[in-house]
file query_0.txt (compact mmCIF, C-alpha atoms)
# COMPACT_ATOMS: atom_id res chain seq x y z
CA PRO A 11 221.44 195.68 97.95
CA LEU A 12 221.99 199.41 98.34
CA ASN A 13 222.37 201.37 95.11
CA ALA A 14 222.88 205.01 94.17
CA ASP A 15 219.13 205.68 93.94
CA ASP A 16 218.73 204.75 97.62
CA LEU A 17 221.18 207.45 98.79
CA VAL A 18 219.96 210.91 99.79
CA ASP A 19 221.97 213.75 98.28
CA GLY A 20 224.78 214.85 100.59
CA ILE A 21 224.57 211.81 102.87
CA ILE A 22 228.17 210.72 102.21
CA SER A 23 230.60 212.96 104.05
CA GLU A 24 234.33 213.30 103.45
CA ALA A 25 235.04 211.27 106.59
CA LYS A 26 233.16 208.29 105.14
CA LEU A 27 235.24 208.22 101.96
CA ALA A 28 238.22 205.90 102.08
CA ASP A 29 241.59 207.33 101.13
CA ASP A 30 242.41 206.81 97.46
CA ALA A 31 238.82 205.67 96.80
CA VAL A 32 238.09 208.11 93.93
CA SER A 33 239.88 207.34 90.67
CA LEU A 34 240.56 209.73 87.81
CA ALA A 35 237.86 207.97 85.84
CA LYS A 36 235.27 209.18 88.39
CA MET A 37 236.20 212.84 87.93
CA LYS A 38 234.02 215.01 85.75
CA ALA A 39 235.40 215.52 82.26
CA GLY A 40 237.11 218.87 81.67
CA VAL A 41 239.13 220.84 79.12
CA ASP A 42 242.41 219.36 77.96
CA GLY A 43 245.33 221.12 79.69
CA THR A 44 243.24 222.65 82.53
CA ILE A 45 244.82 222.61 86.01
CA ILE A 46 242.74 222.49 89.21
CA SER A 47 243.61 225.01 91.94
CA TYR A 48 241.75 226.95 94.65
CA ASP A 49 240.47 230.53 94.72
CA ALA A 50 240.52 233.09 97.54
CA SER A 51 237.32 231.55 98.95
CA THR A 52 239.05 228.13 99.14
CA ASN A 53 236.79 226.75 96.42
CA PRO A 54 238.14 224.58 93.59
CA VAL A 55 238.80 226.51 90.41
CA ALA A 56 239.99 225.51 86.95
CA ILE A 57 243.06 227.41 85.69
CA ALA A 58 242.45 228.29 82.06
CA THR A 59 244.90 226.78 79.64
CA GLY A 60 247.55 229.13 78.32
CA THR A 61 249.18 229.27 74.92
CA ASP A 62 252.24 227.45 73.65
CA GLY A 63 255.39 228.70 75.40
CA GLN A 64 253.63 230.21 78.43
CA VAL A 65 254.51 229.04 81.94
CA LEU A 66 252.43 228.61 85.10
CA THR A 67 253.15 231.62 87.31
CA SER A 68 252.21 232.49 90.88
CA THR A 69 250.00 235.58 91.12
CA GLY A 70 250.43 235.93 94.88
CA ALA A 71 248.62 234.80 98.00
CA GLY A 72 244.84 234.56 97.71
CA SER A 73 244.86 234.34 93.92
CA PRO A 74 245.00 231.29 91.64
CA PRO A 75 248.11 230.89 89.48
CA ALA A 76 247.95 231.81 85.81
CA PHE A 77 249.67 230.93 82.57
CA GLU A 78 251.87 233.86 81.51
CA ALA A 79 254.69 234.58 79.10
CA ALA A 80 258.02 233.28 80.35
CA ALA A 81 260.43 235.94 81.54
CA GLY A 82 263.24 236.53 79.08
CA ILE A 83 265.47 239.12 77.49
CA THR A 84 263.72 242.13 75.96
CA MET A 85 265.48 243.81 73.07
CA THR A 86 264.41 247.29 72.04
CA SER A 87 264.22 248.44 68.46
CA THR A 88 267.56 249.56 67.07
CA VAL A 89 267.86 253.35 67.15
CA ALA A 90 269.88 255.22 64.52
CA THR A 91 272.37 257.57 66.17
CA THR A 92 272.37 259.91 63.20
CA SER A 93 270.56 262.99 64.53
CA GLY A 94 269.88 264.90 67.71
CA THR A 95 272.14 265.37 70.71
CA THR A 96 270.81 262.61 73.02
CA ILE A 97 269.48 259.09 72.56
CA ASP A 98 266.96 258.05 75.24
CA PHE A 99 265.71 254.57 76.08
CA THR A 100 262.61 254.89 78.28
CA GLY A 101 259.93 252.63 79.67
CA ILE A 102 262.30 250.14 81.29
CA PRO A 103 259.98 248.12 83.57
CA ALA A 104 260.25 247.76 87.32
CA GLY A 105 261.98 244.55 88.31
CA THR A 106 264.69 244.85 85.67
CA LYS A 107 268.02 243.70 87.06
CA SER A 108 270.29 243.49 84.03
CA ILE A 109 270.75 245.96 81.15
CA ASP A 110 273.12 245.98 78.16
CA LEU A 111 273.56 249.04 75.96
CA ILE A 112 275.06 248.00 72.62
CA LEU A 113 276.72 250.54 70.34
CA ASN A 114 277.69 250.16 66.70
CA ASN A 115 279.90 252.74 65.01
CA ILE A 116 278.39 255.74 66.81
CA GLY A 117 279.82 259.18 66.16
CA THR A 118 279.13 262.92 66.25
CA ASN A 119 280.03 266.01 64.24
CA GLY A 120 282.13 267.50 67.04
CA GLY A 121 284.75 266.91 69.69
CA GLY A 122 282.66 266.06 72.73
CA PHE A 123 283.16 262.70 74.41
CA TYR A 124 280.45 260.14 75.06
CA GLY A 125 278.68 259.14 78.26
CA VAL A 126 275.61 257.45 79.73
CA VAL A 127 273.32 258.62 82.53
CA ILE A 128 270.54 256.63 84.16
CA GLY A 129 267.29 257.84 85.65
CA ASP A 130 264.06 257.00 87.43
CA SER A 131 260.55 258.44 87.17
CA GLY A 132 261.90 261.75 88.48
CA GLY A 133 264.29 262.19 85.56
CA PHE A 134 267.90 261.55 84.65
CA GLU A 135 270.50 261.95 87.41
CA THR A 136 273.77 263.73 86.62
CA SER A 137 275.64 263.44 89.91
CA GLY A 138 276.68 260.76 92.37
CA TYR A 139 278.44 258.52 89.87
CA LEU A 140 281.73 256.84 90.77
CA CYS A 141 283.23 256.05 87.39
CA ASN A 142 286.72 255.33 86.15
CA ILE A 143 287.74 255.23 82.48
CA ASN A 144 290.96 253.65 81.27
CA ILE A 145 292.20 254.05 77.71
CA HIS A 146 294.89 252.44 75.65
CA SER A 147 295.67 254.22 72.42
CA SER A 148 297.95 253.08 69.64
CA SER A 149 299.22 256.64 69.35
CA ALA A 150 299.09 258.03 72.90
CA GLY A 151 299.58 254.96 75.10
CA GLY A 152 297.59 254.64 78.31
CA ALA A 153 295.67 257.15 80.40
CA THR A 154 292.90 257.23 83.00
CA THR A 155 290.28 259.68 84.19
CA ASP A 156 287.27 259.75 86.51
CA SER A 157 283.71 261.06 86.31
CA THR A 158 281.08 261.80 88.96
CA ALA A 159 278.52 263.04 86.41
CA ASP A 160 278.02 259.94 84.24
CA PHE A 161 279.27 256.56 83.15
CA ARG A 162 281.92 257.87 80.76
CA LEU A 163 282.45 255.78 77.64
CA GLN A 164 285.29 257.72 76.12
CA HIS A 165 288.44 259.36 77.39
CA ALA A 166 288.39 263.13 76.79
CA ASN A 167 291.72 263.37 75.03
CA ILE A 168 290.82 260.89 72.31
CA ALA A 169 287.35 262.15 71.33
CA GLY A 170 286.81 263.84 68.05
CA SER A 171 284.58 264.10 65.02
CA THR A 172 286.78 261.65 63.10
CA ALA A 173 286.36 258.87 65.65
CA SER A 174 283.52 256.35 65.62
CA GLU A 175 282.93 253.99 68.50
CA SER A 176 281.57 250.47 68.94
CA GLY A 177 281.12 248.42 72.09
CA PHE A 178 278.83 247.94 75.07
CA LEU A 179 277.99 249.09 78.57
CA SER A 180 276.51 246.52 80.96
CA LEU A 181 274.58 247.52 84.07
CA ARG A 182 273.63 245.17 86.92
CA LEU A 183 271.38 245.92 89.89
CA VAL A 184 273.44 245.11 92.97
CA ASN A 185 271.20 246.46 95.76
CA VAL A 186 267.41 246.58 95.40
CA SER A 187 266.84 248.55 98.62
CA ASN A 188 268.80 251.62 97.47
CA ASN A 189 268.67 251.11 93.67
CA THR A 190 272.42 250.77 93.29
CA TRP A 191 273.72 249.80 89.85
CA VAL A 192 277.19 248.65 88.85
CA ALA A 193 278.38 249.39 85.31
CA ALA A 194 281.19 247.90 83.24
CA GLY A 195 281.90 248.21 79.56
CA GLN A 196 284.37 248.46 76.76
CA THR A 197 284.36 250.46 73.57
CA ASN A 198 286.77 250.85 70.70
CA ASN A 199 287.49 253.90 68.56
CA LEU A 200 288.83 253.38 65.07
CA LEU A 201 290.69 256.63 64.58
CA SER A 202 291.29 255.98 60.90
CA SER A 203 290.93 253.22 58.34
CA ALA A 204 294.23 251.72 59.48
CA LEU A 205 293.60 248.72 61.73
CA ASN A 206 296.53 249.60 63.99
CA ASN A 207 295.21 253.11 64.71
CA TYR A 208 292.80 252.59 67.58
CA ALA A 209 291.80 253.59 71.10
CA THR A 210 290.21 251.11 73.51
CA ASN A 211 288.20 252.50 76.43
CA SER A 212 287.36 250.46 79.54
CA THR A 213 284.67 251.78 81.90
CA VAL A 214 283.75 250.70 85.44
CA GLY A 215 281.49 252.49 87.89
CA THR A 216 278.60 252.53 90.31
CA LYS A 217 275.56 254.73 90.92
CA SER A 218 272.66 254.73 93.42
CA LEU A 219 269.42 256.17 92.06
CA SER A 220 266.70 257.95 94.03
CA GLY A 221 264.12 255.46 92.72
CA VAL A 222 263.66 252.43 90.48
CA LEU A 223 265.53 252.72 87.17
CA THR A 224 263.21 253.44 84.23
CA GLN A 225 265.41 255.11 81.59
CA ILE A 226 268.89 255.43 80.10
CA ARG A 227 270.37 258.28 78.07
CA LEU A 228 273.32 258.20 75.68
CA PHE A 229 274.80 261.65 75.19
CA ASN A 230 277.96 263.58 74.38
CA THR A 231 279.36 266.22 76.69
CA ALA A 232 279.63 269.00 74.09
CA GLY A 233 276.05 268.77 72.85
CA ASP A 234 277.26 267.76 69.39
CA THR A 235 274.89 266.17 66.90
CA TRP A 236 274.99 262.42 66.41
CA ASP A 237 275.83 261.69 62.78
CA SER A 238 276.62 257.97 62.49
CA GLY A 239 275.88 254.55 63.87
CA GLU A 240 273.14 252.82 65.85
CA ALA A 241 272.35 251.66 69.38
CA THR A 242 270.05 249.16 71.05
CA LEU A 243 269.16 248.05 74.56
CA GLN A 244 268.67 244.56 76.00
CA TYR A 245 267.31 243.94 79.49
CA PHE A 246 265.70 241.42 81.80
call {"tool": "encode", "arguments": {"input": "query_0.txt", "output": "structure tokens"}}
result
Amino acid sequence: PLNADDLVDGIISEAKLADDAVSLAKMKAGVDGTIISYDASTNPVAIATGTDGQVLTSTGAGSPPAFEAAAGITMTSTVATTSGTTIDFTGIPAGTKSIDLILNNIGTNGGGFYGVVIGDSGGFETSGYLCNINIHSSSAGGATTDSTADFRLQHANIAGSTASESGFLSLRLVNVSNNTWVAAGQTNNLLSSALNNYATNSTVGTKSLSGVLTQIRLFNTAGDTWDSGEATLQYF
């Protein structure tokens, strides 16, 4: 009978192998968790095992997949809004489509009102915004105003050094081709320790950037110094 020693190396071609003839038991042993793929030269390649929590991710045509960290929400370190005139969040990565700016009891030493501008690698942009701010105040009733220079967080006639503000501004990328962002948010000013003395601001707006968004700035229009509160950014 014919045995393995009688066969010349390479004599058995793919065409002479029956379908489903090779079992898992006949495969060479490998590393637990390794996945077989193909490289750019169409040769088999073993994908190195990742770490717990990583996911298998495409790396594009002509390149084997790889285990990488799963995409998720990134939260920046909380920044104290207790000094300076602006608070900048930079280094926002390309591909970000959703951003939330969260504010807790922020305030300044003056009467300027608060706003947010966004920017790309060329800097912050201070024009081209379409923003509307509505306010309801326990003392002054309702009012509305517009801004083309920023996403305004606070109505001008309610700002003041005695008012602190908490809330959020959410930004969503609506058009990748022209870097258009839509913003919506709500903040509340406690004008005094009395719970019924308040002002609620609602902000909606849109802005198209010259390039991919990379940074956000929280500022006040009078250049006053921040003296209370904290802010943080979440994005994905």
call {"tool": "closest_residue", "arguments": {"input": "query_0.txt", "among": "A:Thr154, A:Asn198, A:Ser51, A:Asn119", "to": "Asn142 in chain A", "atoms": "only C-alpha atoms"}}
result
A:Thr154
call {"tool": "residues_around", "arguments": {"input": "query_0.txt", "residues": "range 108-110 of chain A", "least_positions_apart": "6", "cutoff": "10 Å", "atoms": "only C-alpha atoms", "output": "count of residues only"}}
result
22
call {"tool": "atom_distance", "arguments": {"input": "query_0.txt", "atom1": "CA of Asp62 in chain A", "atom2": "CA of Val41 in chain A"}}
result
15.7 Å
call {"tool": "atom_distance", "arguments": {"input": "query_0.txt", "atom1": "CA of Asn211 in chain A", "atom2": "CA of Pro103 in chain A"}}
result
29.4 Å
call {"tool": "atom_distance", "arguments": {"input": "query_0.txt", "atom1": "CA of Gly151 in chain A", "atom2": "CA of Ser137 in chain A"}}
result
29.4 Å
call {"tool": "closest_residue", "arguments": {"input": "query_0.txt", "among": "A:Glu78, A:Glu175, A:Glu240, A:Asp16", "to": "Leu66 in chain A", "atoms": "all atoms listed in the file"}}
result
A:Glu78
call {"tool": "closest_residue", "arguments": {"input": "query_0.txt", "among": "A:Gln196, A:Ser176, A:Ser47, A:Thr100", "to": "Asp130 in chain A", "atoms": "only C-alpha atoms"}}
result
A:Thr100
call {"tool": "closest_residue", "arguments": {"input": "query_0.txt", "among": "A:Ser23, A:Asn230, A:Thr210, A:Gln225", "to": "Leu111 in chain A", "atoms": "only C-alpha atoms"}}
result
A:Gln225
call {"tool": "residues_near_point", "arguments": {"input": "query_0.txt", "point": "(270.3, 264.0, 65.5)", "cutoff": "12 Å", "atoms": "only C-alpha atoms", "output": "PyMOL selection string"}}
result
chain A and resi 89-98+116-119+229-230+233-240
call {"tool": "residues_around", "arguments": {"input": "query_0.txt", "residues": "Ala232 in chain A", "least_positions_apart": "6", "cutoff": "10 Å", "atoms": "all atoms listed in the file", "output": "PyMOL selection string"}}
result
chain A and resi 95+118+120-124
call {"tool": "closest_residue", "arguments": {"input": "query_0.txt", "among": "A:Ala28, A:Ile22, A:Val126, A:Ala56", "to": "Leu228 in chain A", "atoms": "all atoms listed in the file"}}
result
A:Val126
call {"tool": "closest_residue", "arguments": {"input": "query_0.txt", "among": "A:Leu113, A:Ile143, A:Ile128, A:Ala50", "to": "Ser220 in chain A", "atoms": "all atoms listed in the file"}}
result
A:Ile128
call {"tool": "residues_around", "arguments": {"input": "query_0.txt", "residues": "Thr158 in chain A", "least_positions_apart": "4", "cutoff": "8 Å", "atoms": "only C-alpha atoms", "output": "PyMOL selection string"}}
result
chain A and resi 136-141
call {"tool": "write_last_selection", "arguments": {"input": "query_0.txt", "atoms": "C-alpha atoms", "output": "mmCIF file, in the coordinates of the input"}}
result
data_model
loop_
_atom_site.group_PDB
_atom_site.id
_atom_site.type_symbol
_atom_site.label_atom_id
_atom_site.label_comp_id
_atom_site.auth_asym_id
_atom_site.auth_seq_id
_atom_site.Cartn_x
_atom_site.Cartn_y
_atom_site.Cartn_z
ATOM 1 C CA THR A 136 273.770 263.730 86.620
ATOM 2 C CA SER A 137 275.640 263.440 89.910
ATOM 3 C CA GLY A 138 276.680 260.760 92.370
ATOM 4 C CA TYR A 139 278.440 258.520 89.870
ATOM 5 C CA LEU A 140 281.730 256.840 90.770
ATOM 6 C CA CYS A 141 283.230 256.050 87.390
#
call {"tool": "residues_around", "arguments": {"input": "query_0.txt", "residues": "Ser187 in chain A", "least_positions_apart": "4", "cutoff": "10 Å", "atoms": "only C-alpha atoms", "output": "list in words"}}
result
Ser218, Gly221 and Val222 of chain A
